[in-house]
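Single-structure report; data block below.
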Number of protein chains: 4
Amino acid sequence: MGNSFGKLFTITSFGESHGRCVGVIIDGCPAGLPITEEDIQREVDKRKPGASIATTKRVEEDKVEILSGIFNGVTTGAPVCLLVWNKDVDSSEYEKNRFILRPGHADYTAFMKYGGFNDFRGGGRFSGRITATFVMAGAIAKKLLSHCGIEVLAHAVEIGGIKARPKEFDEIKENVAKNPLRCADPKAAEAMARLIEKAKEEGDSLGGIIEGIAQNVPVGLGEPVFDALDGELAKALLATPAVKGVEFGAGFSVAEKRGSENNDSFTIKNGKIVTMTNNAGGILGGISNGMPIVVRVAVKPTASIAKSQSTVNIEKIEEVSLSVEGRHDVCIVPRAVAVVEAMMAVTLCDFAIRAGLIPRVIG
Amino acid sequence: MGNSFGKLFTITSFGESHGRCVGVIIDGCPAGLPITEEDIQREVDKRKPGASIATTKRVEEDKVEILSGIFNGVTTGAPVCLLVWNKDVDSSEYEKNRFILRPGHADYTAFMKYGGFNDFRGGGRFSGRITATFVMAGAIAKKLLSHCGIEVLAHAVEIGGIKARPKEFDEIKENVAKNPLRCADPKAAEAMARLIEKAKEEGDSLGGIIEGIAQNVPVGLGEPVFDALDGELAKALLATPAVKGVEFGAGFSVAEKRGSENNDSFTIKNGKIVTMTNNAGGILGGISNGMPIVVRVAVKPTASIAKSQSTVNIEKIEEVSLSVEGRHDVCIVPRAVAVVEAMMAVTLCDFAIRAGLIPRVIG
Amino acid sequence: MGNSFGKLFTITSFGESHGRCVGVIIDGCPAGLPITEEDIQREVDKRKPGASIATTKRVEEDKVEILSGIFNGVTTGAPVCLLVWNKDVDSSEYEKNRFILRPGHADYTAFMKYGGFNDFRGGGRFSGRITATFVMAGAIAKKLLSHCGIEVLAHAVEIGGIKARPKEFDEIKENVAKNPLRCADPKAAEAMARLIEKAKEEGDSLGGIIEGIAQNVPVGLGEPVFDALDGELAKALLATPAVKGVEFGAGFSVAEKRGSENNDSFTIKNGKIVTMTNNAGGILGGISNGMPIVVRVAVKPTASIAKSQSTVNIEKIEEVSLSVEGRHDVCIVPRAVAVVEAMMAVTLCDFAIRAGLIPRVIG
Amino acid sequence: MGNSFGKLFTITSFGESHGRCVGVIIDGCPAGLPITEEDIQREVDKRKPGASIATTKRVEEDKVEILSGIFNGVTTGAPVCLLVWNKDVDSSEYEKNRFILRPGHADYTAFMKYGGFNDFRGGGRFSGRITATFVMAGAIAKKLLSHCGIEVLAHAVEIGGIKARPKEFDEIKENVAKNPLRCADPKAAEAMARLIEKAKEEGDSLGGIIEGIAQNVPVGLGEPVFDALDGELAKALLATPAVKGVEFGAGFSVAEKRGSENNDSFTIKNGKIVTMTNNAGGILGGISNGMPIVVRVAVKPTASIAKSQSTVNIEKIEEVSLSVEGRHDVCIVPRAVAVVEAMMAVTLCDFAIRAGLIPRVIG
């Protein structure tokens, strides 16, 4: 259990890193949405490995296939099943070390929870690879959101301590695809690239921060107190392996602020009520307030590192040392940008449908 | 919709700040748990206003009543309904200013979402008062968790920029009730108290950070990928008004860390596999790893401040200035400590039941 | 768990027969619906004991109280809590016989499931009295449905083998309140009354069949394959104690029909597609087809009878004989009519909200 | 939405009759269950077309493939994806008549609900073919149930008015596979076969009744009041196209019974409390009582008949006549027996996991 997300727009993820495929069911997708495998492929390619110095050597074609729910290029209202077959699978390293717990990975928790029956190859169900299923679902969500004008965008704002300078939405949008770091500040991107190169040489890895922004979100999305917009977004984003924190608007900096600084004053602009600042990150009382939704997630450094680490062989219950050889990203942040975008889109899409913003039949 | 949380141990919150009562249904509570109104009262009293210089002048007796689900002092397996009646209600200020949007509050979003039909008195459903319902449910959850040895504890670690020095679990437990700030570092607590006094004089407010810790959580709680332990905890905690961020273990500091620093090495201690550090905050792959669960939430400064703010009258659509007179906390952190503890307990209880750690019938 | 029903319009029932109260939370009720305690009282009175020869001697005032979610006579969008306090409670009989399993009741299953901690007084959570909570929720659902023209009506069509002659909707509506049997055929009602009198004298009880009809249901309600309209209606109706079967349209008679007889031919009437017959009971493929929804439930004879029965003392594990003295309905059918109406309304309301037929804000 | 069923053991069905495949995700399947494609194939073959005179000419190989969740022949705890590819697809007839509403089918409701975007070929998502996904999930559920001794069995008890004589469980088990009618009474089976032959010649179809029985169900399954065992079973079974009614134990016959006849007296047998009769069908108060669960479903005659019917062309909004040529079952009952068995197993499995009867890790 636990592999479904969303109340009216519900995604169910399945598949493992080295199994036959990774896939997703989207249930509750309105009928009448034109969607092609290419539309989904475009999003999936954004998180494709091999596109940057930061990423793993594993090269998957990751060709999206539609198994159900789309007929004559249009959604039918039936559940949409999308998948990519796993092809470039090399499990040898994992077979060899199957009982050596990789620090920072779910090897230990998965072994204990599933009694050692979990598919350990490549992390199995706990691999970053399963986020490809999030991105496939996100592709459909983004297309649905475009029907009510909502646009979602994510970008890398920090890697290994190097911070990008703040940019306006349009500049982020323009710049984000220009470098493999998915960072809207070209200068910072260069420094990040150098740092990644250095960490790679050292057999180490880097963490960072991704910011997600949703524009044109109308007032009223979110179902407090528990199905709050921020609560559901946090839950959705924490499903991504390596995310260790989520904050909205001013986030953790509120701890040092006075109310008079942090409160966003209301004002009237073109006859519309808006706030002068956006410390709330577009959410008040768990409900969108019409300002951009701004969320940041902390991404930990890749757990797999070449550097030697001390750990435990769970079969023999003995301490061993481990250097993770395989093929890994030095920093997962650039590829995870597409995942943040996808999960924000999925969450907002669910709320937009709950609010009646997206009709059950489109067009 | 949206007022229920939890899959097998499900709480449903109801009531408004100035309505007749605030209450909660707990469905899925195992039968056979001895519980009295006093047990619940003890927890509710921890978030009671009036206990500290930091808090509102509103004095509620907040006497807990059991309406159902408990017979002869023991849970029956039927839904437990708990409530406190609202008594000390002064709505005059709210009636007067009902169309003036208080910055930082949900007045605007609630008005827009519910077409102006929302109960605006005291923030209605969006008042911090509704967290009394979380604490009532948490009282039961904590008692259930004690049956499998799990202990949950929260404390204030930062207020207005003043940080408490790190303490061990036992010291936190001993110190937290010793000052009205719910801070385990007595020195920091004094400085916090002075800062609160100062902010009060200035008609301003302060934010802070609360840390929650769960001890003796066995390996295996959490249902990835979406019902992950961290995801559900984050969702639960963000239901508390004023929380703007959630982080686990090393949290946002991972952005500046190398993998070799951040990975928690596994080792063997008394024949048990543990990690040497706890940057993961007790969660790997969305599943508890046997180490303490450590979560921190960012609490924004109280939105209600005496200082004049510019805002909008939503009836006349005109800009106005507002000084919130009413009765408010200068800093909500000390009272929210009990809420963090409660929502952690509720979440862990749900997972403990899912995992079969707490039987359907106790004793 | 298990005390909530509905996805967007969610009711959560609580309370016991001889506890402090029985109540219900309605979460997801659109804002802006005018509703008074009298509106709800009117529905609750329909299932009130003491209104007919068929029913128990227990006389409850059953005065509905609104605890939350309604402000100035209008729903606010927050959860609505409604309850009736239990007043006329005589538990002596139950205390005396607490370990004697009453045949046909849930005494045994409740004892086993909840380890003997269940509130046994008056059947506790398993009493027919809890259907008062269904009727309270139904009162709100019916009012919401009236906003999209949907009308729900139930009536007794069979008691103890005596069948009412079929009537048109309008005649049923006119006749159903004219006799305490809630039967639209006055002749049958008289015969039923005599049969009930006779069964009473014999210390026995009677079962029957209730039919529920929903008019003006638009095409399209229901979410196949699992959240089908018929599936959810059946689940809702089976929550009523004593219901042992549910059928739609031609129901079990389809077993003897040819396809050529059973298929409802489509035709055009006033430019609208309709079917010439309604063997489908208004549902095709789990979705409403625009014809009246017709459902029938089988209600078993009241389990409590004065006649001596052989049974078991569960404490001593020995066979005993039992004559249930207390106060009971000879036939529950007349009072259950209001319950069928209520649960149909609740189910249809949930689907109408899912389909966007009832807006989130009314008026 | 609506394509998932079950709370802890959750199945999500996808696929269409003439699309690429039909499949199912099983989320919440305990780890450690040995399961092969052959195990599932065996169940799927039971509902395979072409096995009897009663069924369609469409011949699908229906070869089950495991896409995820099973590693080295054992479940891993990750979601299990199973599917069969559609191969023998002839959509010509459907393309030709796509706007002609087939009476008794979901053509009209699907067209209206999904704005004409539904996949109409072979009924698309509304085809009986999707019950292959139920049977795949049921195969796993049955294997899990065998771990706690529960056995589920279904059989045809009536076709076209011909009733099978009642048999004991063991005799049913032995006889049911001996004839293509899945009827445990050989004499009745012969008469049924003749009647089917006759209906076929007349271009007509037949309905019937299927009975499902679950043996060795322990006391305590079911979560009243709404997630009652009978309520969930009814919902599960009504997901099968053509089912128009569900009854438990004495079912609709209770309407003609006295309480003294209908109540099942408790007695002691081998030190265990049992009932002398089973009019309750093994369920009291929504909870299993340890007696066999007995449920019957009414299956309508196949909607597709060769006989000419009057209907409507929805594109032209004009009345037309239609003779459904395609390939269809004269009577769906024999094939639906496997579906009833599967959905009973799925429902019981969910409750058995909720009750902790099946552990999260097996073996």
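The way I read the labels, and the way they are meant: chains A, B, ... in the order of the structure tokens, residue 1 as the first residue of every chain, and ligand 1 as the first ligand shown, with later ones counted on from there.
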
Q: May I have all residues of stretch 27-263 of chain C that DSSP, computed from the backbone, assigns to strand (DSSP E), given as a ChimeraX atom specification?
A: /C:27,64-68,70-71,74-75,80-85,151-159,162-163,208-215,243-248

Q.
List as a PyMOL selection string the protein and nucleic acid residues near C:Ile40, meaning an atom at most 8 Å away when only C-alpha atoms are counted, but skip any in the same chain fewer than 2 places from it.
A. chain C and resi 35-38+42-44+64+136+139-140

(Q) Set the distance at 12 Å and use only C-alpha atoms: which residues neighbour C:Glu95 once local chain neighbours fewer than 5 positions away are removed? I'd like the list as a list in words. (A)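 In the requested format, the answer is His18, Asp90, Ile100, Asp119, Phe120, Arg121, Gly122, Gly123 and Gly326 of chain C.
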
Q.
Could you check the closest approach to chain C for each of B:Ala137, B:Ile172, B:Ile362, B:Val337 and tell me which residue wins, using only C-alpha atoms?
A. B:Ile362

**Q.** d(atom CA of B:Gly356, atom CA of A:Thr12) in Å
**A.** 24.1 Å

Who sits within 7 Å of B:Ala239, only C-alpha atoms, same chain under 6 positions skipped, as a CSV table (one decimal) with all heavy atoms, in the first residue's frame:
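Once everything was written out, this is out-v3.csv:
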chain,number,residue,atom,x,y,z
A,225,VAL,N,-8.6,21.3,7.2
A,225,VAL,CA,-7.3,21.5,7.8
A,225,VAL,C,-6.3,20.5,7.4
A,225,VAL,O,-5.1,20.8,7.3
A,225,VAL,CB,-7.4,21.5,9.3
A,225,VAL,CG1,-8.2,22.8,9.8
A,225,VAL,CG2,-8.0,20.3,9.9
A,226,PHE,N,-6.7,19.3,7.0
A,226,PHE,CA,-5.7,18.3,6.8
A,226,PHE,C,-5.2,18.2,5.3
A,226,PHE,O,-4.1,17.9,5.0
A,226,PHE,CB,-6.1,16.9,7.3
A,226,PHE,CG,-6.2,16.9,8.8
A,226,PHE,CD1,-7.4,16.7,9.5
A,226,PHE,CD2,-5.0,17.2,9.6
A,226,PHE,CE1,-7.5,16.7,10.9
A,226,PHE,CE2,-5.1,17.2,11.0
A,226,PHE,CZ,-6.3,17.0,11.6
A,228,ALA,N,-4.7,20.3,3.3
A,228,ALA,CA,-4.2,21.7,3.0
A,228,ALA,C,-3.3,21.6,1.7
A,228,ALA,O,-2.7,20.6,1.4
A,228,ALA,CB,-3.4,22.3,4.1
A,231,GLY,N,0.2,21.1,2.8
A,231,GLY,CA,0.4,19.7,3.4
A,231,GLY,C,0.5,18.7,2.3
A,231,GLY,O,1.4,17.8,2.3

Q | Residues flagged alpha helix (DSSP H) by DSSP in stretch 149-235 of chain A, as an MDAnalysis selection string | A | chainID A and resid 169:175 186:201 229:235

Q. So which residues touch stretch 162-165 of chain D within 6 Å, counting only C-alpha atoms, skipping near sequence neighbours fewer than 3 positions away, as number ranges by chain?
A. D: 157-159, 185, 188

**Q.** Proximal residues of chain C relative to chain A (only C-alpha atoms; 8 Å) as a VMD selection string
**A.** chain C and resid 354 to 356 360

Q: Please measure the separation of atom CA of B:Thr277 and atom CA of B:Gly251, giving the value in Å to one decimal.
A: 13.7 Å

Residue neighbourhood B:Cys331, 9 Å, only C-alpha atoms, exclusion window fewer than 6 positions, as a short mmCIF file (atom, residue, chain, number, x, y, z; two decimals) with N, CA, C and O atoms, in the first residue's frame:
data_model
loop_
_atom_site.label_atom_id
_atom_site.label_comp_id
_atom_site.auth_asym_id
_atom_site.auth_seq_id
_atom_site.Cartn_x
_atom_site.Cartn_y
_atom_site.Cartn_z
N ALA B 54 3.94 34.72 26.84
CA ALA B 54 3.91 34.74 25.37
C ALA B 54 2.50 34.68 24.80
O ALA B 54 2.30 34.87 23.62
N THR B 55 1.51 34.42 25.66
CA THR B 55 0.23 33.99 25.08
C THR B 55 -0.95 34.94 25.27
O THR B 55 -0.89 35.89 26.04
N ILE B 159 13.44 30.81 18.95
CA ILE B 159 12.39 31.84 18.95
C ILE B 159 13.04 33.17 18.59
O ILE B 159 14.04 33.58 19.20
N GLY B 160 12.49 33.79 17.57
CA GLY B 160 12.98 35.12 17.18
C GLY B 160 14.47 35.18 16.93
O GLY B 160 15.10 36.21 17.16
N ILE B 196 10.46 38.21 23.79
CA ILE B 196 9.00 38.22 23.65
C ILE B 196 8.42 39.45 24.34
O ILE B 196 7.54 40.14 23.79
N SER B 205 5.37 40.60 16.81
CA SER B 205 5.31 39.18 17.16
C SER B 205 6.56 38.47 16.68
O SER B 205 7.33 39.02 15.88
N LEU B 206 6.74 37.22 17.10
CA LEU B 206 7.96 36.46 16.81
C LEU B 206 7.63 35.05 16.31
O LEU B 206 6.65 34.45 16.73
N GLY B 207 8.51 34.55 15.45
CA GLY B 207 8.39 33.17 14.99
C GLY B 207 9.43 32.29 15.66
O GLY B 207 10.15 32.74 16.55
N GLY B 208 9.53 31.07 15.22
CA GLY B 208 10.52 30.18 15.81
C GLY B 208 10.52 28.80 15.18
O GLY B 208 9.90 28.59 14.12
N LYS B 300 5.73 30.59 11.85
CA LYS B 300 5.84 32.01 11.53
C LYS B 300 5.41 32.88 12.71
O LYS B 300 4.69 32.41 13.60
N PRO B 301 5.87 34.13 12.75
CA PRO B 301 5.42 35.02 13.81
C PRO B 301 3.90 35.18 13.74
O PRO B 301 3.33 35.21 12.64
N THR B 302 3.28 35.28 14.89
CA THR B 302 1.82 35.46 14.96
C THR B 302 1.39 36.56 13.98
O THR B 302 1.98 37.63 13.95
#

Q: Could you check how far atom CA of C:Gly19 sits from atom CA of D:Gly220, in Å to one decimal?
A: 23.0 Å

Q.
Give me, as a ChimeraX atom specification, all polymer residues having an atom no more than 10 Å from B:Glu318, counting only C-alpha atoms and skipping those fewer than 6 positions away in the same chain.
A. /A:267-268,271,273 /B:100,311-312
